[in-house]
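Everything on this sheet refers to the single structure shown next.
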Amino acid sequence: MTEFVKLFELLISASLVNNFVFTWFLGLCIFFGVSKKMETALGMSVTFTAVMMISTAISWIVYKLIMVPLNIEFLMIIVFIGIVAGLVQGSDTIMRKVAPALYYKLGIYLALISTNCIILAVPLMSVGNKYSFIESIVFALGSGLGFSLALIIMASIREKLELADVPKYFKGLPMAFVVTGMIALAFTGFAGLIKH
Amino acid sequence: MHEAHKIITDILGLFQFADISQYLLPKVGVGAEIEAKEIVSIAPLLKYTLIFLAGMSTVFGFVLAFAAKKFAVKIDPRVEQVNDVLAHAHCGACGYAGCEQYAEAVVKDPNVSPSLCIPAGEKAALKVAEITGKKAEIKEKESARVICQGGWSKSQKKYAYEGVLDCRAAVLAGGGDKSCTYGCLGYGTCERVCPFDAIKMGSDNLPIIDKDKCTACRKCEAACPKKVIEVLPAAKAVLVSCHSRDKGADVRKVCKVGCIACGMCVKVCPFDAPKIDKNLARIDMDKCRVCGLCVAKCPTNAIEDFIAPRTKASVLDNCIGCQICAKACPVEAITGENKKKHVINQGKCIGCGICAIKCPVQAIGGTFNAEQIRIAKQKEKAKKAAAA
């Protein structure tokens with residue numbers, strides 16, 4: 001039971017308390033790039049969460065079973081980047097054949113993901129925090145949900161913002177940054193949710 | 001197999017012999033030799049690093065190569081070629097979801113026309129036709145036009161609109177805040193939907209269309225709730241810029257530049273192009289020679305002239321003195337005796353270009369159409385010479 005509670009805590013911590021976008025300020029390029037429309041934001045969220053969980057799982061296995069016994073943990077950044085890039089490329093190829101409909105919907109996001117910093121940060125952090133396999137996957141799921149939440153909040157605000165009477169020099173990205181800052185402030189309210 | 005094993009052990013052996021880590025590690029400071037307790041042996045580290053990285057990249061290489069072979073999707077290379085030619089605005093003017101989908105359809109389906117990509121223009125249509133082995137129908141260059149000149153300073157409003165600043169929202173509130181029910185609302189919906197950045201809202205809340213950027217994709221035409229924007233041939237350069245079918249007196253009350261259907265343009269036109277139909281003048285494009293006479297005569301300035309500035313005509317030295325131009329001139333600006341070079345009164349000339357059209361020897365220069373006419377005539381002559 002305590003195990004389950006701990007996993008739930010991890011999920012909440014990754015998605016809300018330590019939200020990657022609003023607390024760590026990572027992955028901002030994708031965050032601002034695809035949050036213009038709700039449709040793209042949803043597509044990106046789904047793809048992002050899926051890729052994050054798979055890449056974290058593979059990274060964890062490679063790290064624990066190969067890199068630790070060989071004493072070459074210092075290589076993890078390079079290796080994790082390689083794993084993510086290879087995984088993305090592979091799933092791109094396979095998806096194109098197996099599910100072309102899905103590929104047309106989500107394929108364009110895959111290329112964006114392969115060099116994203118959150119995708120790299122999650123395996124690195126789960127290794128750094130010495131999470132178990134299950135914990136890393138839950139951590140990845142939480143981070144993915146947190147990023148999706150951020151994207152969806154931002155997309156719904158920006159769709160309304162399009163119609164608002166924003167001062168000329170604040171139109172577009174500047175206003176998006178201001179809004180992001182305000183949401184980040186609001187997210188600090190989650191800080192006391194979990195006792196560390 | 002045995003050979004390979006031997007080679008690998010040899011290579012690994014090299015690393016063990018070359019254990020130079022003790023010399024490489026820094027030994028500095030007081031009692032440095034004693035402090036450097038933790039000697040990291042570089043050789044095994046290097047060895048494992050190299051083996052691991054090489055192994056990993058090999059595995060990934062094989063897996064990806066396998067995936068590429070096993071899950072290869074056969075794509076007609078022509079699809080890629082066609083895709084490169086298209087405009088990549090994903091505007092949907094062709095009727096497909098995106099450029100890739102159109103490229104696929106045009107290659108696979110023999111009934112799909114190669115000239116559907118309007119934004120990419122004539123050249124792309126020719127190229128697509130060449131790649132797919134189809135025949136391109138060349139469409140006349142078109143561009144979007146705003147058929148309303150009643151900006152906020154020139155027209156009346158019936159109430160103060162304070163809702164969402166978008167025409168599609170404003171029109172929900174009693175058909176918009178403008179007193180004229182046909183006019184542009186000016187909240188910039190067209191500016192936002194334009195995928196080519198060709199529309200900018202002007203200072204008087206009227207959209208200004210950049211002719212060079214506009215590709216006639218018709219997105220603005222579809223988005224405008226008042227149907228103010230029309231996509232017309234680019235050659236259509238003189239337009240009645242008003243849609244109002246209200247009676248003249250009513251139009252005058254709400255707008256300074258609306259068409260009041262007075263019929264002045266009908267009277268003044270030498271080619272019978274304008275017609276009044278249900279309180280609105282329309283110019284028949286087939287008849288209009290874009291001379292611009294009606295533009296000058298329209299009492300409310302409702303007719304817009306897209307040829308600006310109009311340059312005035314002048315007589316060239318090859319004039320034969322036939323007096324045809326003098327008879328044709330609508331403002332009587334040309335005078336001259338028979339068989340002598342004619343003179344054009346620059347003060348009277350309005351640059352309509354009619355004399356240039358009528359002149360049998362192309363002795364009129366300076367008007368907007370003079371150059372075109374000369375080139376057309378030269379081509380005709382060349383053709384005749386070739387035929388003879």
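All residue names refer to the structure tokens as shown: chains lettered A, B, ... in order, residues numbered from 1 in each chain, ligands numbered from 1 in order.
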Query raised in the report: Near Cys117 (chain B), counting only C-alpha atoms, which residues have an atom at most 12 Å away, once you skip same-chain residues fewer than 6 positions from it, shown as a PyMOL selection string?
Result: chain B and resi 82-83+85-96+98-103+106+123-129+136-139+215-218
Just-selected residues, N, CA and C atoms written as a short mmCIF file (atom, residue, chain, number, x, y, z; two decimals), in the first residue's frame:
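Contents of out_33.cif, freshly written:
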data_model
loop_
_atom_site.label_atom_id
_atom_site.label_comp_id
_atom_site.auth_asym_id
_atom_site.auth_seq_id
_atom_site.Cartn_x
_atom_site.Cartn_y
_atom_site.Cartn_z
N VAL B 82 6.56 16.14 -56.85
CA VAL B 82 5.41 17.05 -56.93
C VAL B 82 5.34 17.88 -55.64
N ASN B 83 5.54 17.19 -54.53
CA ASN B 83 5.46 17.84 -53.22
C ASN B 83 6.45 19.00 -53.12
N VAL B 85 7.41 20.92 -55.46
CA VAL B 85 7.02 22.03 -56.31
C VAL B 85 5.91 22.87 -55.67
N LEU B 86 5.06 22.21 -54.85
CA LEU B 86 3.88 22.90 -54.31
C LEU B 86 4.26 24.02 -53.34
N ALA B 87 3.24 24.82 -52.99
CA ALA B 87 3.53 26.05 -52.24
C ALA B 87 3.77 25.81 -50.75
N HIS B 88 3.32 24.69 -50.21
CA HIS B 88 3.50 24.35 -48.80
C HIS B 88 2.90 25.35 -47.84
N ALA B 89 1.73 25.87 -48.22
CA ALA B 89 1.03 26.76 -47.30
C ALA B 89 -0.07 25.97 -46.59
N HIS B 90 -0.34 24.75 -47.06
CA HIS B 90 -1.41 23.93 -46.52
C HIS B 90 -2.70 24.72 -46.44
N CYS B 91 -2.99 25.47 -47.50
CA CYS B 91 -4.13 26.38 -47.46
C CYS B 91 -5.42 25.66 -47.80
N GLY B 92 -5.32 24.52 -48.48
CA GLY B 92 -6.52 23.78 -48.80
C GLY B 92 -7.27 24.30 -50.02
N ALA B 93 -6.63 25.19 -50.78
CA ALA B 93 -7.29 25.73 -51.96
C ALA B 93 -7.54 24.64 -53.01
N CYS B 94 -6.73 23.56 -52.96
CA CYS B 94 -6.88 22.48 -53.93
C CYS B 94 -8.02 21.55 -53.56
N GLY B 95 -8.49 21.65 -52.32
CA GLY B 95 -9.56 20.76 -51.89
C GLY B 95 -9.05 19.54 -51.14
N TYR B 96 -7.74 19.48 -50.89
CA TYR B 96 -7.19 18.37 -50.11
C TYR B 96 -6.72 18.89 -48.75
N GLY B 98 -3.88 18.66 -47.17
CA GLY B 98 -2.58 19.33 -47.12
C GLY B 98 -1.84 19.10 -48.42
N CYS B 99 -0.64 19.67 -48.51
CA CYS B 99 0.12 19.57 -49.76
C CYS B 99 0.50 18.12 -50.08
N GLU B 100 0.87 17.34 -49.04
CA GLU B 100 1.27 15.94 -49.27
C GLU B 100 0.11 15.16 -49.88
N GLN B 101 -1.09 15.39 -49.32
CA GLN B 101 -2.25 14.64 -49.79
C GLN B 101 -2.55 14.98 -51.26
N TYR B 102 -2.42 16.25 -51.59
CA TYR B 102 -2.68 16.64 -52.99
C TYR B 102 -1.63 16.01 -53.90
N ALA B 103 -0.36 16.05 -53.46
CA ALA B 103 0.71 15.47 -54.27
C ALA B 103 0.44 13.99 -54.55
N VAL B 106 -2.59 13.67 -56.97
CA VAL B 106 -2.36 14.07 -58.36
C VAL B 106 -1.50 13.05 -59.09
N LYS B 123 3.90 28.34 -62.94
CA LYS B 123 5.13 27.56 -63.13
C LYS B 123 5.00 26.19 -62.49
N ALA B 124 4.45 26.16 -61.26
CA ALA B 124 4.29 24.90 -60.55
C ALA B 124 3.34 23.99 -61.29
N ALA B 125 2.25 24.57 -61.81
CA ALA B 125 1.27 23.77 -62.54
C ALA B 125 1.94 23.09 -63.74
N LEU B 126 2.77 23.86 -64.45
CA LEU B 126 3.47 23.29 -65.61
C LEU B 126 4.40 22.16 -65.18
N LYS B 127 5.11 22.38 -64.05
CA LYS B 127 6.05 21.36 -63.58
C LYS B 127 5.32 20.10 -63.13
N VAL B 128 4.22 20.30 -62.37
CA VAL B 128 3.44 19.14 -61.91
C VAL B 128 2.92 18.37 -63.11
N ALA B 129 2.46 19.09 -64.11
CA ALA B 129 1.95 18.44 -65.32
C ALA B 129 3.06 17.63 -65.99
N ALA B 136 -1.56 20.75 -68.27
CA ALA B 136 -1.91 21.82 -67.33
C ALA B 136 -2.85 22.80 -68.01
N GLU B 137 -3.90 23.17 -67.27
CA GLU B 137 -4.74 24.28 -67.77
C GLU B 137 -4.23 25.51 -67.04
N ILE B 138 -3.76 26.46 -67.80
CA ILE B 138 -3.22 27.66 -67.15
C ILE B 138 -4.37 28.57 -66.77
N LYS B 139 -4.38 28.91 -65.49
CA LYS B 139 -5.42 29.80 -65.03
C LYS B 139 -4.88 31.22 -65.02
N THR B 215 -2.14 34.93 -53.26
CA THR B 215 -2.08 33.83 -54.21
C THR B 215 -3.47 33.35 -54.61
N ALA B 216 -4.49 34.08 -54.20
CA ALA B 216 -5.87 33.72 -54.55
C ALA B 216 -6.26 32.36 -54.02
N CYS B 217 -5.88 32.08 -52.78
CA CYS B 217 -6.24 30.79 -52.19
C CYS B 217 -7.67 30.79 -51.67
N ARG B 218 -8.29 31.96 -51.61
CA ARG B 218 -9.69 32.11 -51.24
C ARG B 218 -10.00 31.85 -49.77
#
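Distance criterion 8 Å to chain B, applied with only C-alpha atoms, yields Leu70, Asn71, Ile72, Leu75, Val79, Gly86, Gln89, Gly90, Thr93, Ile94, Arg96, Lys97, Val98, Leu163, Ala164 and Asp165 of chain A on chain A.
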Query raised in the report: What is the distance between CA of Pro100 (chain A) and CA of Gly43 (chain A), in Å to one decimal?
Result: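 For CA of Pro100 (chain A) relative to CA of Gly43 (chain A), the distance reads 14.8 Å.
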Query raised in the report: Which distance in Å separates CA of Ile209 (chain B) and CA of Pro195 (chain B), to one decimal?
Result: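 Calculated distance between CA of Ile209 (chain B) and CA of Pro195 (chain B) is 12.7 Å.
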Requested in this report: Might you pull out every residue within 12 Å of Met182 (chain A), with only C-alpha atoms counted and same-chain residues fewer than 4 positions away left off, and present them as a PyMOL selection string?
Outcome: chain A and resi 22-23+154+157+175-178+186-189
Report task. If you run DSSP over the backbone, which residues in region 56-115 of chain B end up alpha helix (DSSP H)? Put them as a PyMOL selection string. Result -> chain B and resi 56-70+77-85+99-108
**Report entry** Spatial neighbours of Ala223 (chain B), max dist 9 Å, only C-alpha atoms, sep filter under 2 positions, as a list in words
**Finding:**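 With the cut-off at 9 Å, the set is Arg168, Thr189, Cys190, Val193, Arg218, Lys219, Cys220, Glu221, Pro225, Lys226 and Lys227 of chain B.
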Now that the selection is made, can you save its residues with N, CA and C atoms as a compact mmCIF listing (two decimals), in the first residue's frame?
# COMPACT_ATOMS: atom_id res chain seq x y z
N ARG B 168 -16.31 37.77 -37.39
CA ARG B 168 -17.25 36.66 -37.29
C ARG B 168 -18.06 36.75 -36.00
N THR B 189 -10.63 39.80 -39.52
CA THR B 189 -10.67 38.34 -39.63
C THR B 189 -9.83 37.86 -40.81
N CYS B 190 -9.91 38.60 -41.92
CA CYS B 190 -9.19 38.19 -43.13
C CYS B 190 -7.68 38.25 -42.90
N VAL B 193 -6.72 35.04 -41.09
CA VAL B 193 -6.80 33.75 -41.78
C VAL B 193 -5.83 33.65 -42.94
N ARG B 218 -8.29 31.96 -51.61
CA ARG B 218 -9.69 32.11 -51.24
C ARG B 218 -10.00 31.85 -49.77
N LYS B 219 -8.97 31.82 -48.93
CA LYS B 219 -9.26 31.62 -47.49
C LYS B 219 -10.00 32.82 -46.93
N CYS B 220 -9.58 34.04 -47.32
CA CYS B 220 -10.22 35.25 -46.79
C CYS B 220 -11.64 35.35 -47.31
N GLU B 221 -11.82 34.97 -48.57
CA GLU B 221 -13.14 35.04 -49.17
C GLU B 221 -14.12 34.16 -48.38
N PRO B 225 -17.41 37.26 -43.09
CA PRO B 225 -18.84 37.01 -42.86
C PRO B 225 -19.72 37.93 -43.70
N LYS B 226 -19.14 39.03 -44.18
CA LYS B 226 -19.93 39.97 -44.97
C LYS B 226 -19.75 39.72 -46.47
N LYS B 227 -18.94 38.79 -46.83
CA LYS B 227 -18.64 38.49 -48.24
C LYS B 227 -18.18 39.75 -48.97
Query raised in the report: Just how far from CA of Ile61 (chain A) is CA of Ile51 (chain B), in Å to one decimal?
Result: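 CA of Ile51 (chain B) sits 17.7 Å away from CA of Ile61 (chain A).
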**Report entry** For Ile357 (chain B): contacts at 10 Å, only C-alpha atoms, fewer than 4 positions along chain excluded, given as a PyMOL selection string
**Finding:** chain B and resi 289+325+328+352-353+362+364+369-370+373-374
Mind writing the picked residues with N, CA and C atoms as a PDB file, in the first residue's frame?
ATOM      1  N   ARG B 289     -12.059  48.238 -70.640  1.00  0.00           N
ATOM      2  CA  ARG B 289     -10.690  48.365 -71.149  1.00  0.00           C
ATOM      3  C   ARG B 289      -9.819  49.096 -70.134  1.00  0.00           C
ATOM      4  N   CYS B 325      -6.725  59.073 -83.244  1.00  0.00           N
ATOM      5  CA  CYS B 325      -6.641  59.218 -81.796  1.00  0.00           C
ATOM      6  C   CYS B 325      -7.434  60.434 -81.335  1.00  0.00           C
ATOM      7  N   ALA B 328     -10.879  59.467 -81.043  1.00  0.00           N
ATOM      8  CA  ALA B 328     -11.144  58.477 -80.008  1.00  0.00           C
ATOM      9  C   ALA B 328     -11.042  59.064 -78.610  1.00  0.00           C
ATOM     10  N   CYS B 352      -6.005  57.432 -69.949  1.00  0.00           N
ATOM     11  CA  CYS B 352      -6.903  56.278 -70.074  1.00  0.00           C
ATOM     12  C   CYS B 352      -6.344  55.235 -71.031  1.00  0.00           C
ATOM     13  N   GLY B 353      -5.487  55.634 -71.947  1.00  0.00           N
ATOM     14  CA  GLY B 353      -4.844  54.658 -72.823  1.00  0.00           C
ATOM     15  C   GLY B 353      -5.671  54.261 -74.032  1.00  0.00           C
ATOM     16  N   GLN B 362       1.074  52.528 -83.558  1.00  0.00           N
ATOM     17  CA  GLN B 362       1.646  52.535 -82.209  1.00  0.00           C
ATOM     18  C   GLN B 362       2.540  53.759 -81.967  1.00  0.00           C
ATOM     19  N   ILE B 364       1.724  56.156 -79.929  1.00  0.00           N
ATOM     20  CA  ILE B 364       1.434  56.760 -78.627  1.00  0.00           C
ATOM     21  C   ILE B 364       2.269  56.045 -77.562  1.00  0.00           C
ATOM     22  N   ASN B 369      -0.657  51.159 -70.830  1.00  0.00           N
ATOM     23  CA  ASN B 369      -0.796  49.980 -71.689  1.00  0.00           C
ATOM     24  C   ASN B 369       0.043  50.061 -72.964  1.00  0.00           C
ATOM     25  N   ALA B 370       0.754  51.212 -73.183  1.00  0.00           N
ATOM     26  CA  ALA B 370       1.454  51.424 -74.452  1.00  0.00           C
ATOM     27  C   ALA B 370       2.490  50.321 -74.717  1.00  0.00           C
ATOM     28  N   ILE B 373       0.926  46.981 -75.684  1.00  0.00           N
ATOM     29  CA  ILE B 373       0.377  46.978 -77.044  1.00  0.00           C
ATOM     30  C   ILE B 373       1.505  46.848 -78.060  1.00  0.00           C
ATOM     31  N   ARG B 374       2.617  47.576 -77.812  1.00  0.00           N
ATOM     32  CA  ARG B 374       3.724  47.523 -78.765  1.00  0.00           C
ATOM     33  C   ARG B 374       4.286  46.098 -78.858  1.00  0.00           C
TER      34      ARG B 374
END
Report task. Using only C-alpha atoms, determine which residues lie at most 12 Å from Gly33 (chain A), disregarding the query and same-chain residues fewer than 2 positions distant; provide the list as a list of chain:residue names. Result ->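 The neighbour list is A:Gly27, A:Leu28, A:Cys29, A:Ile30, A:Phe31, A:Ser35, A:Lys36, A:Lys37, A:Met38, A:Thr40, A:Ala41, A:Met44, A:Tyr109, A:Leu112, A:Ile113, A:Leu151, A:Met154, A:Ala155, A:Arg158, A:Gly172, A:Leu173, A:Ala176, A:Phe177.
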Report task. Please return as a PyMOL selection string: the residues of region 125-194 of chain B that backbone DSSP assigns to strand (DSSP E or B). Result -> chain B and resi 142-146+155+157+178
With N, CA and C atoms retained, could you export that selection as a compact mmCIF listing (two decimals), in the first residue's frame?
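See selection-v2.txt below for the written result:
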# COMPACT_ATOMS: atom_id res chain seq x y z
N GLU B 142 -5.04 35.53 -60.46
CA GLU B 142 -6.12 36.17 -59.73
C GLU B 142 -5.59 36.75 -58.43
N SER B 143 -6.34 37.67 -57.87
CA SER B 143 -5.99 38.13 -56.53
C SER B 143 -7.25 38.59 -55.81
N ALA B 144 -7.18 38.60 -54.48
CA ALA B 144 -8.34 38.97 -53.69
C ALA B 144 -8.53 40.49 -53.72
N ARG B 145 -9.77 40.94 -53.71
CA ARG B 145 -10.06 42.38 -53.69
C ARG B 145 -11.08 42.65 -52.59
N VAL B 146 -10.88 43.77 -51.93
CA VAL B 146 -11.85 44.19 -50.92
C VAL B 146 -12.86 45.10 -51.61
N SER B 155 -17.80 55.97 -42.84
CA SER B 155 -19.11 55.34 -42.75
C SER B 155 -19.67 55.51 -41.34
N LYS B 157 -21.86 54.17 -37.87
CA LYS B 157 -22.09 52.96 -37.09
C LYS B 157 -23.43 53.07 -36.39
N LYS B 178 -21.88 48.16 -38.27
CA LYS B 178 -21.93 49.16 -39.33
C LYS B 178 -23.36 49.43 -39.73
